[in-house]
>>> print(open('start-v4.txt').read())   # compact mmCIF, C-alpha atoms
# COMPACT_ATOMS: atom_id res chain seq x y z
CA MET P 1 -15.38 6.43 -10.49
CA GLY P 2 -18.72 7.29 -12.10
CA LEU P 3 -20.25 3.81 -12.25
CA GLN P 4 -23.90 3.43 -13.16
CA GLU P 5 -26.23 0.45 -12.86
CA GLY P 6 -25.65 -2.01 -15.69
CA ASP P 7 -22.09 -0.84 -16.50
CA ILE P 8 -19.67 -3.43 -17.86
CA VAL P 9 -16.39 -3.19 -15.94
CA SER P 10 -13.57 -5.62 -15.11
CA LYS P 11 -12.19 -6.24 -11.60
CA ARG P 12 -8.85 -4.79 -12.72
CA ILE P 13 -10.51 -1.55 -13.80
CA LEU P 14 -12.36 -1.48 -10.46
CA MET P 15 -8.93 -1.48 -8.82
CA TYR P 16 -8.03 1.60 -10.85
CA GLY P 17 -11.33 3.12 -9.74
CA MET P 18 -10.55 2.50 -6.09
CA LEU P 19 -6.89 3.52 -6.11
CA LEU P 20 -6.86 6.51 -8.46
CA PRO P 21 -9.99 8.67 -7.96
CA SER P 22 -10.79 6.99 -4.61
CA GLY P 23 -14.07 5.63 -5.95
CA ASN P 24 -16.41 4.36 -3.24
CA ASP P 25 -18.63 2.97 -5.99
CA ALA P 26 -15.69 0.90 -7.24
CA ALA P 27 -15.03 -0.49 -3.75
CA ASN P 28 -18.63 -1.61 -3.28
CA ALA P 29 -18.85 -3.08 -6.79
CA ALA P 30 -15.62 -5.01 -6.25
CA ALA P 31 -16.90 -6.34 -2.93
CA VAL P 32 -20.06 -7.71 -4.54
CA ALA P 33 -18.13 -9.11 -7.52
CA VAL P 34 -15.70 -10.99 -5.26
CA SER P 35 -17.94 -12.15 -2.42
CA GLY P 36 -21.52 -11.72 -3.59
CA SER P 37 -22.32 -9.04 -1.01
CA VAL P 38 -20.72 -6.19 0.89
CA PRO P 39 -20.99 -7.89 4.33
CA SER P 40 -19.36 -11.07 3.03
CA PHE P 41 -16.46 -9.10 1.61
CA VAL P 42 -16.03 -7.11 4.83
CA GLN P 43 -15.72 -10.43 6.66
CA LEU P 44 -12.87 -11.36 4.32
CA MET P 45 -11.25 -7.98 5.00
CA ASN P 46 -11.29 -8.58 8.75
CA GLU P 47 -10.00 -12.13 8.36
CA ARG P 48 -7.10 -10.86 6.27
CA ALA P 49 -6.40 -8.11 8.80
CA ALA P 50 -6.15 -10.76 11.51
CA GLU P 51 -3.78 -12.85 9.36
CA LEU P 52 -1.52 -9.79 8.97
CA GLY P 53 -1.53 -9.16 12.72
CA LEU P 54 -3.41 -5.85 12.51
CA LYS P 55 -4.57 -5.85 16.12
CA ASP P 56 -6.04 -2.34 16.14
CA THR P 57 -8.02 -2.54 12.91
CA HIS P 58 -11.65 -3.43 12.26
CA PHE P 59 -13.50 -2.91 8.98
CA VAL P 60 -17.23 -2.29 8.52
CA THR P 61 -17.31 -1.04 4.93
CA PRO P 62 -15.17 -1.75 1.84
CA SER P 63 -14.76 1.96 1.08
CA GLY P 64 -13.96 3.40 4.49
CA LEU P 65 -17.11 5.52 4.66
CA ASP P 66 -18.18 5.21 8.29
CA GLU P 67 -20.59 8.01 9.16
CA ASP P 68 -23.05 5.59 10.80
CA THR P 69 -20.64 3.53 12.89
CA ASP P 70 -17.77 3.80 15.35
CA GLU P 71 -16.67 0.23 14.69
CA HIS P 72 -14.68 1.03 11.55
CA TYR P 73 -11.18 1.98 12.69
CA SER P 74 -7.44 1.50 12.31
CA THR P 75 -4.12 3.06 13.29
CA ALA P 76 -1.18 4.55 11.41
CA TYR P 77 0.97 1.58 12.43
CA ASP P 78 -1.55 -0.97 11.16
CA MET P 79 -1.96 0.93 7.89
CA ALA P 80 1.82 0.88 7.43
CA ARG P 81 1.90 -2.89 7.97
CA LEU P 82 -0.99 -3.37 5.56
CA THR P 83 0.81 -1.23 2.98
CA ALA P 84 4.00 -3.26 3.32
CA ALA P 85 2.02 -6.40 2.48
CA ALA P 86 0.05 -4.74 -0.34
CA ILE P 87 3.01 -3.35 -2.28
CA ASP P 88 4.46 -6.85 -2.49
CA ASN P 89 1.61 -7.49 -4.94
CA GLY P 90 2.85 -6.42 -8.37
CA ILE P 91 -0.59 -5.50 -9.72
CA PHE P 92 -1.44 -3.38 -6.70
CA ARG P 93 1.95 -1.67 -6.83
CA GLU P 94 1.59 -0.92 -10.53
CA ILE P 95 -1.90 0.56 -10.22
CA CYS P 96 -1.37 2.65 -7.09
CA GLY P 97 1.73 4.14 -8.71
CA THR P 98 -0.14 5.24 -11.86
CA SER P 99 -0.82 8.97 -11.98
CA ARG P 100 -3.53 8.73 -14.65
CA ALA P 101 -5.01 5.97 -16.79
CA LYS P 102 -7.21 5.73 -19.88
CA LEU P 103 -9.76 2.96 -19.35
CA SER P 104 -12.85 1.65 -21.09
CA PHE P 105 -16.01 0.80 -19.15
CA GLY P 106 -19.72 1.56 -19.15
CA ASN P 107 -22.75 0.19 -21.04
CA PRO P 108 -21.66 0.15 -23.76
CA PRO P 109 -18.02 0.66 -22.66
CA TYR P 110 -16.28 3.84 -23.76
CA ASP P 111 -12.87 5.37 -23.08
CA ARG P 112 -12.40 7.75 -20.18
CA TRP P 113 -9.53 9.01 -18.00
CA LEU P 114 -9.11 8.38 -14.28
CA VAL P 115 -6.69 10.65 -12.38
CA ASN P 116 -4.87 9.69 -9.18
CA THR P 117 -5.56 11.94 -6.18
CA ASN P 118 -2.05 11.24 -4.81
CA LYS P 119 -0.12 14.40 -5.70
CA LEU P 120 3.14 12.96 -4.38
CA LEU P 121 3.41 10.74 -7.47
CA THR P 122 4.26 13.78 -9.58
CA SER P 123 5.91 15.99 -6.96
CA LEU P 124 8.36 13.78 -5.06
CA ASP P 125 11.17 11.62 -6.43
CA GLY P 126 10.77 7.89 -5.86
CA VAL P 127 7.13 7.80 -4.72
CA ILE P 128 5.41 4.54 -5.75
CA GLY P 129 1.96 5.07 -4.16
CA VAL P 130 -0.23 4.54 -2.24
CA LYS P 131 -3.58 6.06 -1.26
CA THR P 132 -5.35 9.23 -0.14
CA GLY P 133 -8.43 9.23 2.04
CA PHE P 134 -10.88 11.62 3.65
CA THR P 135 -13.97 11.52 5.81
CA ASP P 136 -15.36 14.18 8.11
CA LYS P 137 -14.53 11.96 11.10
CA ALA P 138 -11.01 10.97 10.08
CA GLY P 139 -9.91 14.16 8.32
CA ARG P 140 -7.21 14.10 5.65
CA CYS P 141 -5.40 10.75 5.64
CA LEU P 142 -2.49 9.76 3.44
CA VAL P 143 -0.53 6.53 3.05
CA SER P 144 2.53 6.77 0.82
CA ALA P 145 5.54 4.67 -0.10
CA CYS P 146 8.82 5.89 -1.55
CA GLU P 147 11.77 3.95 -2.95
CA ARG P 148 15.31 5.27 -3.33
CA ASN P 149 18.57 3.35 -3.81
CA GLY P 150 16.93 0.05 -3.03
CA THR P 151 15.29 1.27 0.17
CA THR P 152 11.50 1.50 0.51
CA LEU P 153 9.99 3.64 3.26
CA ILE P 154 6.30 3.91 4.14
CA CYS P 155 4.69 6.98 5.65
CA VAL P 156 1.21 7.25 7.17
CA THR P 157 -0.45 10.40 8.48
CA LEU P 158 -4.00 10.64 9.86
CA ASN P 159 -6.03 13.82 10.27
CA ASP P 160 -3.16 15.87 8.84
CA LYS P 161 -4.10 19.10 7.07
CA ASN P 162 -0.52 19.48 5.80
CA ASP P 163 0.01 15.91 4.63
CA TRP P 164 1.77 16.59 1.29
CA ALA P 165 4.44 18.73 2.94
CA ASP P 166 4.77 16.44 5.97
CA HIS P 167 5.33 13.31 3.86
CA THR P 168 7.88 15.16 1.73
CA ALA P 169 9.77 16.40 4.79
CA LEU P 170 9.74 12.99 6.46
CA TYR P 171 11.13 11.25 3.40
CA GLU P 172 13.86 13.82 2.91
CA ARG P 173 14.90 13.37 6.53
CA CYS P 174 14.54 9.60 6.88
CA PHE P 175 16.31 8.63 3.65
CA GLY P 176 19.22 10.69 4.94
CA LEU P 177 19.33 8.45 8.01
CA CYS P 178 19.75 5.27 5.93
CA GLU P 179 22.93 3.83 4.52
CA GLN P 180 23.47 0.90 2.18
CA TYR P 181 25.61 -1.96 3.46
CA THR P 182 27.02 -4.97 1.65
CA LEU P 183 26.62 -8.25 3.48
CA SER P 184 28.76 -11.19 2.51
CA ALA P 185 29.26 -14.63 3.98
CA GLU P 186 32.11 -17.01 3.30
CA ASP P 187 33.05 -20.46 4.57
CA ILE P 188 29.71 -21.13 6.25
CA ASP P 189 29.29 -24.64 7.63
CA VAL P 190 25.86 -25.92 8.62
CA ASN P 191 24.86 -29.09 10.44
CA VAL P 192 23.22 -31.89 8.46
CA VAL P 193 20.64 -34.29 9.87
CA GLY P 194 20.05 -37.62 8.19
CA GLY P 195 22.67 -37.10 5.48
CA SER P 196 25.94 -38.75 4.52
CA ALA P 197 28.00 -36.01 6.19
CA GLU P 198 27.67 -34.25 9.52
CA ARG P 199 28.34 -30.76 8.09
CA VAL P 200 28.38 -29.17 4.64
CA GLY P 201 29.76 -25.91 3.37
CA CYS P 202 27.41 -23.22 2.02
CA TYR P 203 27.87 -20.11 -0.07
CA SER P 204 25.84 -16.93 -0.32
CA PRO P 205 26.37 -14.14 -2.87
CA GLU P 206 26.75 -10.57 -1.66
CA VAL P 207 23.54 -8.93 -0.51
CA LYS P 208 23.00 -5.17 -0.38
CA ILE P 209 20.69 -3.90 2.35
CA SER P 210 19.79 -0.43 3.58
CA LEU P 211 19.79 0.10 7.32
CA PRO P 212 19.75 3.06 9.69
CA ILE P 213 23.20 4.59 9.95
CA ARG P 214 25.44 2.88 12.51
CA SER P 215 23.01 -0.03 12.89
CA GLU P 216 25.84 -2.43 11.97
CA GLU P 217 27.23 -1.80 15.43
>>> encode(input="start-v4.txt", output="structure tokens")
Amino acid sequence: MGLQEGDIVSKRILMYGMLLPSGNDAANAAAVAVSGSVPSFVQLMNERAAELGLKDTHFVTPSGLDEDTDEHYSTAYDMARLTAAAIDNGIFREICGTSRAKLSFGNPPYDRWLVNTNKLLTSLDGVIGVKTGFTDKAGRCLVSACERNGTTLICVTLNDKNDWADHTALYERCFGLCEQYTLSAEDIDVNVVGGSAERVGCYSPEVKISLPIRSEE
């Protein structure tokens, strides 16, 4: 992100720094701003991972840089679950889906552009994020999310030298395996406890949901 000691920068801009140019400096600065220190923030990361049921994930650093440890790890499945939770946050979803942003920070602050390293945002229809990553140990890693016709799919590849093409091919195939269904419910009666009647009628409007083809069977 290009931070220097003494820079004036907001937490929101630090999110842009983490999610667009993959700034390790932004991740460490955000950790200190939130928790007072990097170790304290990492503890919060691991507590949140446990809350989300990420059983094969353990964090040691906020940025993912792990040259000096083998205790920083995760799996494609856990990263997909983490992504599903993250994109429910509107701010996160907005920022990770931004291809480039003009922001002001520094000491004194001045305008500069940050560019997203996720090429899928400008090359594949419906992509809404999420994050690239690379270390010598992990290789090229990519987490992406794509939304079409009300369906959101998440794709994670680890140590994949052909990640852009693989994500594109997987989305083109998997969206073709989904179909939108209309669910409706009429004349539903439910039991009542402690009320003036034993049962009451309920109504639900139509709901559209995308499922794998033939899953209604």
>>> residues_around(input="start-v4.txt", residues="Gly201 of chain P", least_positions_apart="6", cutoff="8 Å", atoms="all atoms listed in the file", output="list in words")
Asp187, Ile188, Asp189 and Val190 of chain P
>>> residues_near_point(input="start-v4.txt", point="(7.3, 6.6, 0.1)", cutoff="12 Å", atoms="only C-alpha atoms", output="VMD selection string")
chain P and resid 80 83 to 84 87 96 to 97 118 120 to 121 123 to 131 142 to 148 151 to 156 164 166 to 172 174 to 175
>>> closest_residue(input="start-v4.txt", among="P:Ile13, P:Ala49, P:Cys178, P:Ile91", to="Phe105 of chain P", atoms="all atoms listed in the file")
P:Ile13
>>> closest_residue(input="start-v4.txt", among="P:Glu198, P:Asp56, P:Glu186, P:Glu179", to="Pro212 of chain P", atoms="only C-alpha atoms")
P:Glu179
>>> closest_residue(input="start-v4.txt", among="P:Arg199, P:Lys137, P:Lys161, P:Lys208", to="Thr182 of chain P", atoms="all atoms listed in the file")
P:Lys208
>>> closest_atom_pairs(input="start-v4.txt", of="segment 73-164 of chain P", to="segment 20-32 of chain P", cutoff="9 Å", atoms="all atoms listed in the file", output="CSV")
residue,atom,partner,partner_atom,distance
P:Ile95,CA,P:Leu20,CA,7.9
P:Cys96,CA,P:Leu20,CA,6.8
P:Gly97,CA,P:Leu20,CA,8.9
P:Thr98,CA,P:Leu20,CA,7.6
P:Ser99,CA,P:Leu20,CA,7.4
P:Arg100,CA,P:Leu20,CA,7.4
P:Ala101,CA,P:Leu20,CA,8.6
P:Leu114,CA,P:Pro21,CA,6.4
P:Val115,CA,P:Leu20,CA,5.7
P:Asn116,CA,P:Leu20,CA,3.8
P:Thr117,CA,P:Pro21,CA,5.8
P:Asn118,CA,P:Leu20,CA,7.7
P:Lys131,CA,P:Leu20,CA,7.9
P:Thr132,CA,P:Ser22,CA,7.4
P:Gly133,CA,P:Ser22,CA,7.4
>>> atom_distance(input="start-v4.txt", atom1="atom CA of Ser74 of chain P", atom2="atom CA of Leu19 of chain P")
18.5 Å
>>> atom_distance(input="start-v4.txt", atom1="atom CA of Leu158 of chain P", atom2="atom CA of Leu65 of chain P")
15.0 Å
>>> closest_residue(input="start-v4.txt", among="P:Cys141, P:Val34, P:Cys202, P:Val60", to="Asn159 of chain P", atoms="all atoms listed in the file")
P:Cys141
>>> atom_distance(input="start-v4.txt", atom1="atom CA of Asn46 of chain P", atom2="atom CA of Asp70 of chain P")
15.5 Å
>>> residues_around(input="start-v4.txt", residues="Tyr73 of chain P", least_positions_apart="3", cutoff="10 Å", atoms="only C-alpha atoms", output="NGL selection string")
:P and (56-60 or 64 or 66 or 69-70 or 138)
